[in-house]
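What's in entry28.cif: mmCIF, C-alpha atoms
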data_upload
loop_
_atom_site.label_atom_id
_atom_site.label_comp_id
_atom_site.auth_asym_id
_atom_site.auth_seq_id
_atom_site.Cartn_x
_atom_site.Cartn_y
_atom_site.Cartn_z
CA MET A 1 106.57 129.48 94.28
CA THR A 2 106.10 127.24 91.25
CA GLU A 3 106.51 123.48 91.44
CA GLN A 4 109.64 123.73 89.26
CA ALA A 5 111.14 126.37 91.58
CA ILE A 6 110.36 124.19 94.61
CA LEU A 7 111.98 121.17 92.93
CA ALA A 8 115.07 123.17 91.96
CA GLY A 9 115.38 124.59 95.47
CA CYS A 10 114.96 121.19 97.12
CA LEU A 11 117.64 119.72 94.85
CA HIS A 12 119.98 122.35 96.34
CA ASN A 13 118.76 121.72 99.92
CA ASP A 14 117.19 125.18 100.12
CA PRO A 15 115.23 125.32 103.41
CA VAL A 16 112.68 127.79 101.98
CA ALA A 17 111.86 125.44 99.09
CA GLN A 18 111.75 122.45 101.43
CA ARG A 19 109.33 124.27 103.75
CA GLU A 20 107.16 125.26 100.76
CA LEU A 21 107.06 121.66 99.50
CA TYR A 22 106.13 120.37 102.96
CA ASN A 23 103.43 123.03 103.48
CA ARG A 24 101.94 122.38 100.05
CA TYR A 25 101.73 118.58 100.22
CA SER A 26 101.71 117.59 103.89
CA PRO A 27 97.93 118.01 104.50
CA LYS A 28 97.00 115.53 101.73
CA MET A 29 99.82 113.17 102.67
CA LEU A 30 98.80 113.26 106.34
CA SER A 31 95.37 112.05 105.24
CA VAL A 32 97.04 109.14 103.45
CA CYS A 33 98.97 108.33 106.62
CA TYR A 34 95.77 108.45 108.72
CA ARG A 35 94.21 105.79 106.55
CA PHE A 36 97.05 103.43 107.46
CA SER A 37 97.59 104.38 111.10
CA GLN A 38 95.85 103.56 114.34
CA SER A 39 96.55 106.94 115.96
CA ARG A 40 97.36 110.55 115.15
CA GLU A 41 100.86 110.06 116.58
CA ASP A 42 101.55 107.12 114.24
CA ALA A 43 100.23 109.12 111.27
CA GLU A 44 102.50 112.05 112.13
CA ASP A 45 105.48 109.70 112.52
CA MET A 46 104.72 108.16 109.12
CA LEU A 47 104.42 111.61 107.57
CA GLN A 48 107.71 112.78 109.07
CA GLU A 49 109.54 109.64 107.96
CA GLY A 50 107.96 109.90 104.50
CA PHE A 51 109.02 113.50 103.96
CA ILE A 52 112.57 112.70 105.04
CA LYS A 53 112.58 110.12 102.23
CA VAL A 54 111.06 112.66 99.81
CA PHE A 55 113.84 115.16 100.56
CA THR A 56 116.64 112.58 100.40
CA GLN A 57 115.29 110.97 97.20
CA ILE A 58 114.13 114.08 95.36
CA HIS A 59 117.01 113.75 92.93
CA THR A 60 115.37 110.54 91.63
CA PHE A 61 112.19 112.32 90.46
CA GLN A 62 112.34 112.28 86.66
CA ASN A 63 109.30 114.42 85.72
CA ARG A 64 107.41 111.32 84.57
CA GLY A 65 103.92 111.77 85.90
CA ALA A 66 102.74 114.12 88.59
CA PHE A 67 105.09 115.24 91.33
CA GLU A 68 102.29 114.79 93.89
CA GLY A 69 101.83 111.19 92.72
CA TRP A 70 105.54 110.55 93.20
CA ILE A 71 105.36 111.94 96.75
CA ARG A 72 102.22 109.87 97.44
CA ARG A 73 103.94 106.63 96.39
CA ILE A 74 106.80 107.36 98.78
CA ILE A 75 104.34 108.10 101.60
CA VAL A 76 102.32 104.91 100.97
CA HIS A 77 105.47 102.77 100.96
CA THR A 78 106.67 104.51 104.11
CA CYS A 79 103.33 103.72 105.82
CA ILE A 80 103.58 100.05 104.85
CA ASN A 81 107.18 99.84 106.07
CA PHE A 82 106.21 101.60 109.32
CA LEU A 83 103.48 99.04 109.97
CA LYS A 84 105.83 96.14 109.23
CA LYS A 85 108.68 97.59 111.29
CA ASN A 86 106.49 98.26 114.28
CA LYS A 87 104.75 94.89 113.98
CA LYS A 88 101.41 96.64 113.64
CA PHE A 89 100.62 94.57 110.60
CA ASN A 90 99.66 90.93 110.61
CA GLU A 91 98.05 88.53 108.16
CA SER A 92 94.68 90.21 108.67
CA VAL A 93 95.75 93.54 107.13
CA ASP A 94 93.97 96.95 107.61
CA ILE A 95 93.29 100.51 106.02
CA ALA A 96 91.84 103.61 107.73
CA HIS A 97 92.03 107.29 108.68
CA ALA A 98 91.45 110.12 106.25
CA GLY A 99 90.52 113.71 106.31
CA TYR A 100 91.05 114.22 102.60
CA LEU A 101 89.37 112.18 99.90
CA GLU A 102 88.79 113.29 96.34
CA VAL A 103 85.11 113.26 95.45
CA LYS A 104 83.79 113.94 91.94
CA GLU A 105 80.91 116.17 93.03
CA GLU A 106 81.67 118.87 95.54
CA THR A 107 78.26 118.64 97.18
CA VAL A 108 77.82 118.56 100.92
CA PRO A 109 75.99 115.19 100.90
CA SER A 110 78.70 113.48 98.81
CA ILE A 111 81.51 114.88 100.97
CA MET A 112 79.65 113.94 104.17
CA GLN A 113 79.00 110.43 102.86
CA ALA A 114 82.66 109.97 101.87
CA ARG A 115 83.74 111.04 105.36
CA GLN A 116 81.23 108.68 106.96
CA ILE A 117 82.54 105.83 104.82
CA ILE A 118 86.15 106.63 105.76
CA GLU A 119 85.16 106.66 109.44
CA CYS A 120 83.57 103.22 108.96
CA ILE A 121 86.70 101.97 107.21
CA ARG A 122 88.62 102.97 110.35
CA LEU A 123 86.57 100.38 112.25
CA LEU A 124 87.97 97.51 110.19
CA PRO A 125 90.83 95.34 111.46
CA LEU A 126 94.26 96.65 110.43
CA GLY A 127 94.84 93.99 107.78
CA TYR A 128 91.50 94.52 106.09
CA LYS A 129 91.93 98.27 106.27
CA THR A 130 95.36 98.16 104.63
CA VAL A 131 94.37 95.98 101.67
CA LEU A 132 91.14 97.90 101.13
CA ASN A 133 93.03 101.19 101.17
CA LEU A 134 95.73 100.00 98.80
CA TYR A 135 93.33 98.39 96.33
CA ALA A 136 90.17 100.53 96.35
CA ILE A 137 91.62 103.95 97.15
CA GLU A 138 95.28 103.91 96.07
CA GLY A 139 94.66 101.73 93.00
CA TYR A 140 97.31 99.04 93.48
CA SER A 141 96.74 95.56 92.02
CA HIS A 142 96.52 92.51 94.29
CA ARG A 143 99.87 91.37 92.92
CA GLU A 144 101.48 94.70 93.90
CA ILE A 145 99.81 94.59 97.32
CA GLY A 146 101.05 91.06 97.88
CA TYR A 147 104.58 92.17 97.07
CA MET A 148 104.39 95.26 99.29
CA LEU A 149 102.93 93.41 102.27
CA ASP A 150 104.85 90.14 101.84
CA ILE A 151 101.65 88.15 101.43
CA GLU A 152 100.28 85.97 98.65
CA GLU A 153 98.25 87.64 95.91
CA SER A 154 95.36 85.33 96.86
CA THR A 155 95.61 86.52 100.48
CA SER A 156 95.26 90.12 99.29
CA ARG A 157 92.18 89.17 97.25
CA SER A 158 90.54 87.35 100.15
CA GLN A 159 91.38 90.15 102.61
CA TYR A 160 89.81 92.66 100.22
CA THR A 161 86.68 90.54 99.79
CA ARG A 162 86.31 90.13 103.56
CA ALA A 163 87.01 93.81 104.19
CA LYS A 164 84.41 94.85 101.63
CA ALA A 165 81.80 92.52 103.16
CA MET A 166 82.54 93.74 106.69
CA LEU A 167 82.43 97.37 105.55
CA GLU A 168 79.14 96.80 103.76
CA ASN A 169 77.63 95.39 106.99
CA ILE A 170 78.89 98.37 109.00
CA LEU A 171 77.53 100.86 106.45
CA VAL A 172 74.11 99.17 106.41
CA LYS A 173 73.96 99.00 110.25
CA LYS A 174 74.85 102.69 110.50
CA ARG A 175 72.24 103.45 107.82
CA ILE A 176 74.78 105.14 105.57
CA ILE A 177 73.69 102.89 102.71
CA GLU A 178 70.72 100.64 102.12
CA GLN A 179 71.17 96.90 101.73
CA PRO A 180 72.63 96.64 98.20
CA LYS A 181 70.62 94.66 95.67
CA GLU A 182 73.76 94.01 93.62
CA GLU A 183 77.41 93.51 94.48
CA PHE A 184 78.67 96.29 96.73
CA ASN A 185 80.86 98.72 94.74
CA LEU A 186 83.03 100.63 97.21
CA VAL A 187 84.92 102.67 94.62
CA ALA A 188 81.69 103.90 93.02
CA LEU A 189 80.26 104.72 96.45
CA LEU A 190 83.31 106.81 97.39
CA LYS A 191 83.18 108.70 94.10
CA LYS A 192 79.45 109.49 94.11
#
Could you rewrite the structure in this file as structure tokens?
Amino acid sequence: MTEQAILAGCLHNDPVAQRELYNRYSPKMLSVCYRFSQSREDAEDMLQEGFIKVFTQIHTFQNRGAFEGWIRRIIVHTCINFLKKNKKFNESVDIAHAGYLEVKEETVPSIMQARQIIECIRLLPLGYKTVLNLYAIEGYSHREIGYMLDIEESTSRSQYTRAKAMLENILVKKRIIEQPKEEFNLVALLKK
């Protein structure tokens, strides 16, 4: 089924198209949810809630940008709202679980290193993990993160700086990276 056929079917509440959309995008979106959650159950709840929003808001998709990107934004916002609603988010914000991460080179060492880094990110406090995920992986600005999390832009910046420093220490202790001689560049490390 093409993406256009799936969209058309979902606009008419066709269960076959809805199932196809879910099957096509749920694995990647579950990985996004894992990075925000503390447990598999929370990630699955976030995913379920997110796809309900995707199906109820599909009529708002205007073919500007990628359909997957549109779904991803809904999922990320659903994760943030889930954390706020369930009081699992506090001033020390957090990012974490992933099974899927795009890596430029499809080599075993780069994929293994990316997974090791994601596992280390899971060790961070929830607040740190959330800001790190939103900024370094999802690409939101500190202003956008502040708005989403109801925190000051400066709080987002400081949480990111602290998260990066804590992650660097964890990565060095676990011998995933050597002690950096320059400023630690997480985004470059994930995309090696």
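Of the residues under consideration (A:Tyr160, A:His142, A:Met1, A:Leu149), A:Leu149 shows the shortest atom-to-atom contact distance to A:Asn81 when counting only C-alpha atoms.
The interatomic distance for the pair atom CA of A:Ser26 and atom CA of A:Tyr128 works out to 25.3 Å.
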*atom CA of A:Glu119 to atom CA of A:Leu171, straight-line distance in Å*: 10.0 Å
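The space between atom CA of A:Val54 and atom CA of A:Asn13 spans 11.9 Å.
Between A:His77 and the candidates A:Ala5, A:Ala165, A:Leu47, A:Ile121, the tightest atom-to-atom separation, counting only C-alpha atoms, involves A:Leu47.
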*Which of these residues is nearest to A:Ile74, using all atoms listed in the file: A:Met29, A:Gln62, A:Gly127, A:Gln38?*
A:Met29
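Comparing the minimum interatomic distances between A:Gly69 and each of A:Gln159, A:Tyr25, A:Val16, A:Ile117, counting only C-alpha atoms, we find that A:Tyr25 sits nearest.
Within 7 Å of the file-frame point (98.2, 106.6, 103.1), and using all atoms listed in the file, the polymer residues found are Met29, Ser31, Val32, Cys33, Tyr34, Arg35, Phe36, Ile75, Val76 and Cys79 of chain A.
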Same residues, C-alpha atoms, output as a PDB file, in the frame of the given file:
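Written file, again34.pdb:
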ATOM      1  CA  MET A  29      99.820 113.170 102.670  1.00  0.00           C
ATOM      2  CA  SER A  31      95.370 112.050 105.240  1.00  0.00           C
ATOM      3  CA  VAL A  32      97.040 109.140 103.450  1.00  0.00           C
ATOM      4  CA  CYS A  33      98.970 108.330 106.620  1.00  0.00           C
ATOM      5  CA  TYR A  34      95.770 108.450 108.720  1.00  0.00           C
ATOM      6  CA  ARG A  35      94.210 105.790 106.550  1.00  0.00           C
ATOM      7  CA  PHE A  36      97.050 103.430 107.460  1.00  0.00           C
ATOM      8  CA  ILE A  75     104.340 108.100 101.600  1.00  0.00           C
ATOM      9  CA  VAL A  76     102.320 104.910 100.970  1.00  0.00           C
ATOM     10  CA  CYS A  79     103.330 103.720 105.820  1.00  0.00           C
TER      11      CYS A  79
END
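Closest approach to A:Leu132 among A:Ala17, A:Ile71, A:Leu11, A:Leu167 is made by A:Leu167 (distances from all atoms listed in the file).
Summary of the local environment: counting all atoms listed in the file, residues at most 7 Å from A:Gly146, other than itself and those fewer than 6 positions away along its chain, are Glu152, Glu153 and Ser156 of chain A.
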Could you write out the selected residues, including C-alpha atoms, as a PDB file, in the coordinates of the input?
ATOM      1  CA  GLU A 152     100.280  85.970  98.650  1.00  0.00           C
ATOM      2  CA  GLU A 153      98.250  87.640  95.910  1.00  0.00           C
ATOM      3  CA  SER A 156      95.260  90.120  99.290  1.00  0.00           C
TER       4      SER A 156
END
*Using all atoms listed in the file, which residue out of A:Asn23, A:Ser39, A:Asn86, A:Gln116 lies closest to A:Phe51?*
A:Asn23
